[in-house]
Amino acid sequence: MAVWFSRSRTIGYCLRKKLGFFGLVGHESSCCFSPSFRHISSIRQIGGSYGNPNGFLNDSAIHFRSWRFESSTAETQLDPQYFQEEDDLNQGLDFPGGRVTFTSELRFISESGDKRVPCYRVLDDNGDPITHTSFAQVSKELAVKMYGDMVTLQMMDVVFYEAQRQGRISFYMSTTGEEAINIASAAALSSDDLVLPQYREPGVLLWRGFTLQDFADQCFGNKADCGKGRQMPVHYGSSKHNFFTVSSPIATQLPQAVGVAYSLKMDKKDACVVAYFGDGCSSEGDFHAGLNFAAVMEAPVVFICRNNGWAISTPIEEQFRSDGIVVKGRAYGIRSIRVDGNDALAVYNAIRTAREMAISEQIPVLVELLAYRVAHHSTSDDSSKYRPVDEIEYWKSSRNPVNRFRKWVERNGWWSDKEESELRSSVKKQLLKAIQVAEKTEKPPIAEIFTDVYDHPPPNLKEQEKVLREDIKRHPKDYPSDVSL
Amino acid sequence: MASSMSVSRRRFGRLLARISGSRRQFSSTTSSISIDDQQQQQAQPQPQPRSLNLYSAINQALHIALDSDPRAYVFGEDVGFGGVFRCTTGLADRFGKSRVFNTPLCEQGIVGFGIGLAAMGNRAIAEIQFADYIYPAFDQIVNEAAKFRYRSGNQFNCGGLTIRAPYGAVGHGGHYHSQSPEAFFCHVPGIKVVIPRSPRQAKGLLLSCIRDPNPVVFFEPKWLYRLSVEEVPEHDYMLPLSEAEVIREGNDITLVGWGAQLSIMEQACIDAEKDGISCELIDLRTLIPWDKETVEASVRKTGRLLISHEAPVTGGFGAEISASIVERCFLRLEAPVSRVCGLDTPFPLVFEPFYMPTKNKILDAIKATVNY
Ligand SMILES: Cc1ncc(C[n+]2csc(CCOP(=O)(O)OP(=O)(O)O)c2C)c(N)n1
Ligand SMILES: [Mg+2]
């Protein structure tokens, strides 16, 4: 198992400076699923092994109301972190949630486990499947589309970033380093699953068929932008693609996702909700609200945390002192897994499995994907001010998710250099064209300033529109000419 | 209170000029006003004032605050490396990571933590990265900070708390990097709301807020962080809270504003003067508790009032000023009070030039009011 960070939490938090962010130690392979779970049809079993049969309930009097959801009962497996041999399992207290045994030992639960939670992966750094790993087979067609979209995403970032530098768009955020997270998680979903994004997940839309022209139109805020030019670049949204519109305020999507999921649950839909968020986002109050609601409401939500090590300039050591995000699941009563976010096959498998659990068991699942924000936070940021360049370089080269997946696809004989160069030149052409068209397309008409504040403009807005139009007549030079009246 | 005016050079930041410079018709001047005479007298011979932009003036104030009080702390998201607007540059190096530090990404945590720190007799200087992101802390500000003293019968207070937040339009901020939320906080007895218009004002007012024995929300006009440059005295000085300042004297109409909007209003005053209209321009500086007397005295002289702010007109703080002045000066008013403000819509990215209370909108309103 690759150790992701060189520092160990038991040693302390201050080593980061010296050792940097990276460091790859040891290679013992670890797999979280036994081989029998290779097929998604046996998902129920996976759930079973994690699940919560009401063992304690059977041999104890139930003193609390029986409408409580089943999954809030205690676990059968005795967690060595909480139980010791001397504990008398027959002595206990019946308490809402299940029987609580007594112990005579004054013993605190440790703030951390002995070892960090391992990270599931399928491909090693060379793109070779790890022996004994369990994963669902991915067809050639799927793999090639995944790879193609990862490359497209990468190229879109390069071209749009450059457009921002040239002053053609006002702002941009790149996904670099998180291409596998974006594309492989999207590939593992059904198009009926509803997505509530943070902002660094444009690949999900790309996968679902949002075109490069659609992306460009949003970034240029022209009249073809489905958001009507009202929001900053990268605040994509498309109801057609079941992708809620990005909102800048961090973490607001998490409790909302639970409401959306509860609706799917009530309607008995064969779909789930997927809420993406960053490591920094997990510090917000809305994170707590979202996860706790999801557990209590038994809502089919897959929470996908992109733990990329940074929230703008704040490293994760200054964000939380837990073993990442994955361990927070248990505190809320949510099943969770940690996955190598730079391994597209691992991401695909984990999300696919999590999705099946969420739908078939009607529960939330938390997936922590470990990666690195190779990009600056945004075009307003210069990350060399707060992190070493060789750290970025390491993740960009040695742990590059796109290269790793390419090696695997090539090894299968599904991809060649020729196809690579054809893909790249075709995507580049499409991107340049998309930008040209988006730039030439006029802005939305000014009537759109006043629509959609409410379903219908109330009198104050009608009056303000009238006054504004008069002002434009009086002072046309005060207003941009590319907005039509 | 009258003061001499000098027009200082204002540089357009590279980014701003590129993105929106061609569109914006904003004034390229800002007034720089000499600080209160008394304050300068107290000071020993001082080094020459230096030309500073707004974020550097804030940075200087924070340096002084930390230097002059060992119980002062500066914290917030990304403040450790200098903050996303560079206001906290160099502070962690100089004063150490236990006094200047990053917090987890959680506004309610930042303010709640600040309240507790302040309640123990410290000066807690909290940064909210954008005023648009202050809402998760709304409960801590409105129900906690504002009522901490009152609800305990003055046994406890969190007067050492100052919350800094960049507010307002910036040319390309869209919904969530442009808001002016001051009016929400002006509805809350127990906190003060202060907004500076320039570097020199920012330094003096921020030091007053930090040292004021009440919790204060200090909104910084981020549009001006780099654009507004003026001579700022090097030394430690404070400007009084709850005192408005007449920054331009006139007889025909009173204009009241705050923060970045003042430079737009000033341009309108200059243009109105060409048409023979003499405008008096007042910087309110502290929004609550506000200096009604200065505004009232001015309106008694001019007989007309215009208020301008970027926030949506409905329920904006302009409404409060208007109502108060109508109560006090009803018989003296020669025209209805005029408000030139933001539209009643969310802040729209590509429509920003339409949304804004521009110089010409103000100028037209001045003329309409004077000719009523
Ligand atoms: C409520 C709120 N506070 C602050 C911000 C400013 N902000 C934007 S992104 C960001 C960091 C988010 O980090 P993370 O969740 O790790 O996502 P990443 O950028 O790494 O993908 C911050 C602080 C915001 N958008 N919303
Ligand atoms: Mg992050």
# chains A, B, ... in the order shown; residues from 1 in each chain; ligands from 1

$ interface_residues --of "chain A" --to "chain B" --cutoff "7 Å" --atoms "only C-alpha atoms" --output "list of chain:residue names"
A:Gly167, A:Ser170, A:Gly221, A:Gly229, A:Arg230, A:Gln231, A:Met232, A:Ser248, A:Pro249, A:Gly280, A:Cys281, A:Ser283, A:Glu284, A:Gly285, A:Ser313, A:Thr314, A:Glu318, A:Gln319, A:Tyr386, A:Ile449, A:Phe450, A:Val453, A:Leu461, A:Asp478, A:Tyr479, A:Pro480

$ residues_near_ligand --ligand "ligand 2" --cutoff "9 Å" --atoms "only C-alpha atoms and all ligand atoms" --output "list in words"
Phe277, Gly278, Asp279, Gly280, Cys281, Cys305, Arg306, Asn307, Asn308, Gly309, Trp310, Ala311, Ile312, Thr314, Pro315, Ile316, Tyr372, Arg373 and His377 of chain A

$ write_last_selection --atoms "N, CA, C and O atoms" --output "short mmCIF file (atom, residue, chain, number, x, y, z; two decimals), in the first residue's frame"
data_model
loop_
_atom_site.label_atom_id
_atom_site.label_comp_id
_atom_site.auth_asym_id
_atom_site.auth_seq_id
_atom_site.Cartn_x
_atom_site.Cartn_y
_atom_site.Cartn_z
N PHE A 277 -17.06 17.40 -3.26
CA PHE A 277 -16.56 18.49 -2.41
C PHE A 277 -15.06 18.33 -2.18
O PHE A 277 -14.50 17.26 -2.39
N GLY A 278 -14.44 19.40 -1.71
CA GLY A 278 -13.00 19.39 -1.48
C GLY A 278 -12.65 19.14 -0.03
O GLY A 278 -13.53 19.11 0.85
N ASP A 279 -11.36 18.97 0.22
CA ASP A 279 -10.89 18.78 1.60
C ASP A 279 -11.22 20.00 2.45
O ASP A 279 -11.65 19.89 3.59
N GLY A 280 -11.04 21.19 1.87
CA GLY A 280 -11.33 22.41 2.63
C GLY A 280 -12.80 22.50 2.97
O GLY A 280 -13.18 22.88 4.09
N CYS A 281 -13.60 22.09 2.04
CA CYS A 281 -15.05 22.13 2.22
C CYS A 281 -15.51 21.35 3.45
O CYS A 281 -16.50 21.71 4.09
N CYS A 305 -15.37 13.09 -1.83
CA CYS A 305 -14.43 14.11 -1.41
C CYS A 305 -13.18 14.04 -2.27
O CYS A 305 -12.50 13.03 -2.33
N ARG A 306 -12.88 15.14 -2.92
CA ARG A 306 -11.61 15.26 -3.65
C ARG A 306 -10.59 15.83 -2.67
O ARG A 306 -10.50 17.03 -2.49
N ASN A 307 -9.88 14.95 -2.00
CA ASN A 307 -8.85 15.45 -1.07
C ASN A 307 -7.58 15.69 -1.88
O ASN A 307 -6.81 14.77 -2.14
N ASN A 308 -7.40 16.95 -2.27
CA ASN A 308 -6.25 17.28 -3.11
C ASN A 308 -5.17 18.02 -2.33
O ASN A 308 -4.30 18.67 -2.89
N GLY A 309 -5.25 17.93 -1.02
CA GLY A 309 -4.16 18.43 -0.18
C GLY A 309 -4.20 19.90 0.15
O GLY A 309 -3.58 20.34 1.11
N TRP A 310 -4.93 20.68 -0.61
CA TRP A 310 -4.91 22.12 -0.43
C TRP A 310 -6.29 22.74 -0.57
O TRP A 310 -7.09 22.30 -1.39
N ALA A 311 -6.53 23.77 0.21
CA ALA A 311 -7.67 24.66 0.03
C ALA A 311 -7.05 26.04 -0.16
O ALA A 311 -6.56 26.64 0.81
N ILE A 312 -7.02 26.52 -1.36
CA ILE A 312 -6.20 27.69 -1.73
C ILE A 312 -4.80 27.48 -1.14
O ILE A 312 -4.13 26.53 -1.53
N THR A 314 -4.12 26.83 2.08
CA THR A 314 -4.16 26.13 3.36
C THR A 314 -3.97 24.64 3.17
O THR A 314 -4.78 23.98 2.52
N PRO A 315 -2.88 24.09 3.71
CA PRO A 315 -2.64 22.65 3.57
C PRO A 315 -3.57 21.87 4.51
O PRO A 315 -4.06 22.43 5.50
N ILE A 316 -3.78 20.62 4.21
CA ILE A 316 -4.75 19.86 5.01
C ILE A 316 -4.36 19.72 6.48
O ILE A 316 -5.23 19.58 7.31
N TYR A 372 -3.99 15.40 -5.84
CA TYR A 372 -3.21 16.61 -5.59
C TYR A 372 -3.67 17.69 -6.55
O TYR A 372 -3.85 17.43 -7.74
N ARG A 373 -3.87 18.90 -6.00
CA ARG A 373 -4.26 20.01 -6.87
C ARG A 373 -3.01 20.52 -7.57
O ARG A 373 -2.31 21.39 -7.07
N HIS A 377 -4.81 27.37 -7.46
CA HIS A 377 -6.21 27.29 -7.06
C HIS A 377 -7.13 27.81 -8.18
O HIS A 377 -8.13 27.20 -8.52
#

$ select_by_dssp --residues "stretch 272-359 of chain A" --states "alpha helix (DSSP H)" --output "count of residues only"
34

$ closest_residue --among "B:Leu284, B:Ala183, B:Ala365, B:Leu206" --to "B:Val313" --atoms "only C-alpha atoms"
B:Ala183

$ atom_distance --atom1 "atom CA of B:Glu231" --atom2 "atom CA of B:Asn53"
8.7 Å

$ closest_residue --among "A:Trp207, A:Tyr147, A:Phe220, A:Tyr276" --to "ligand 1" --atoms "only C-alpha atoms and all ligand atoms"
A:Tyr276

$ closest_residue --among "A:Val158, A:Met146, A:Ala186, A:Leu254" --to "ligand 1" --atoms "only C-alpha atoms and all ligand atoms"
A:Leu254
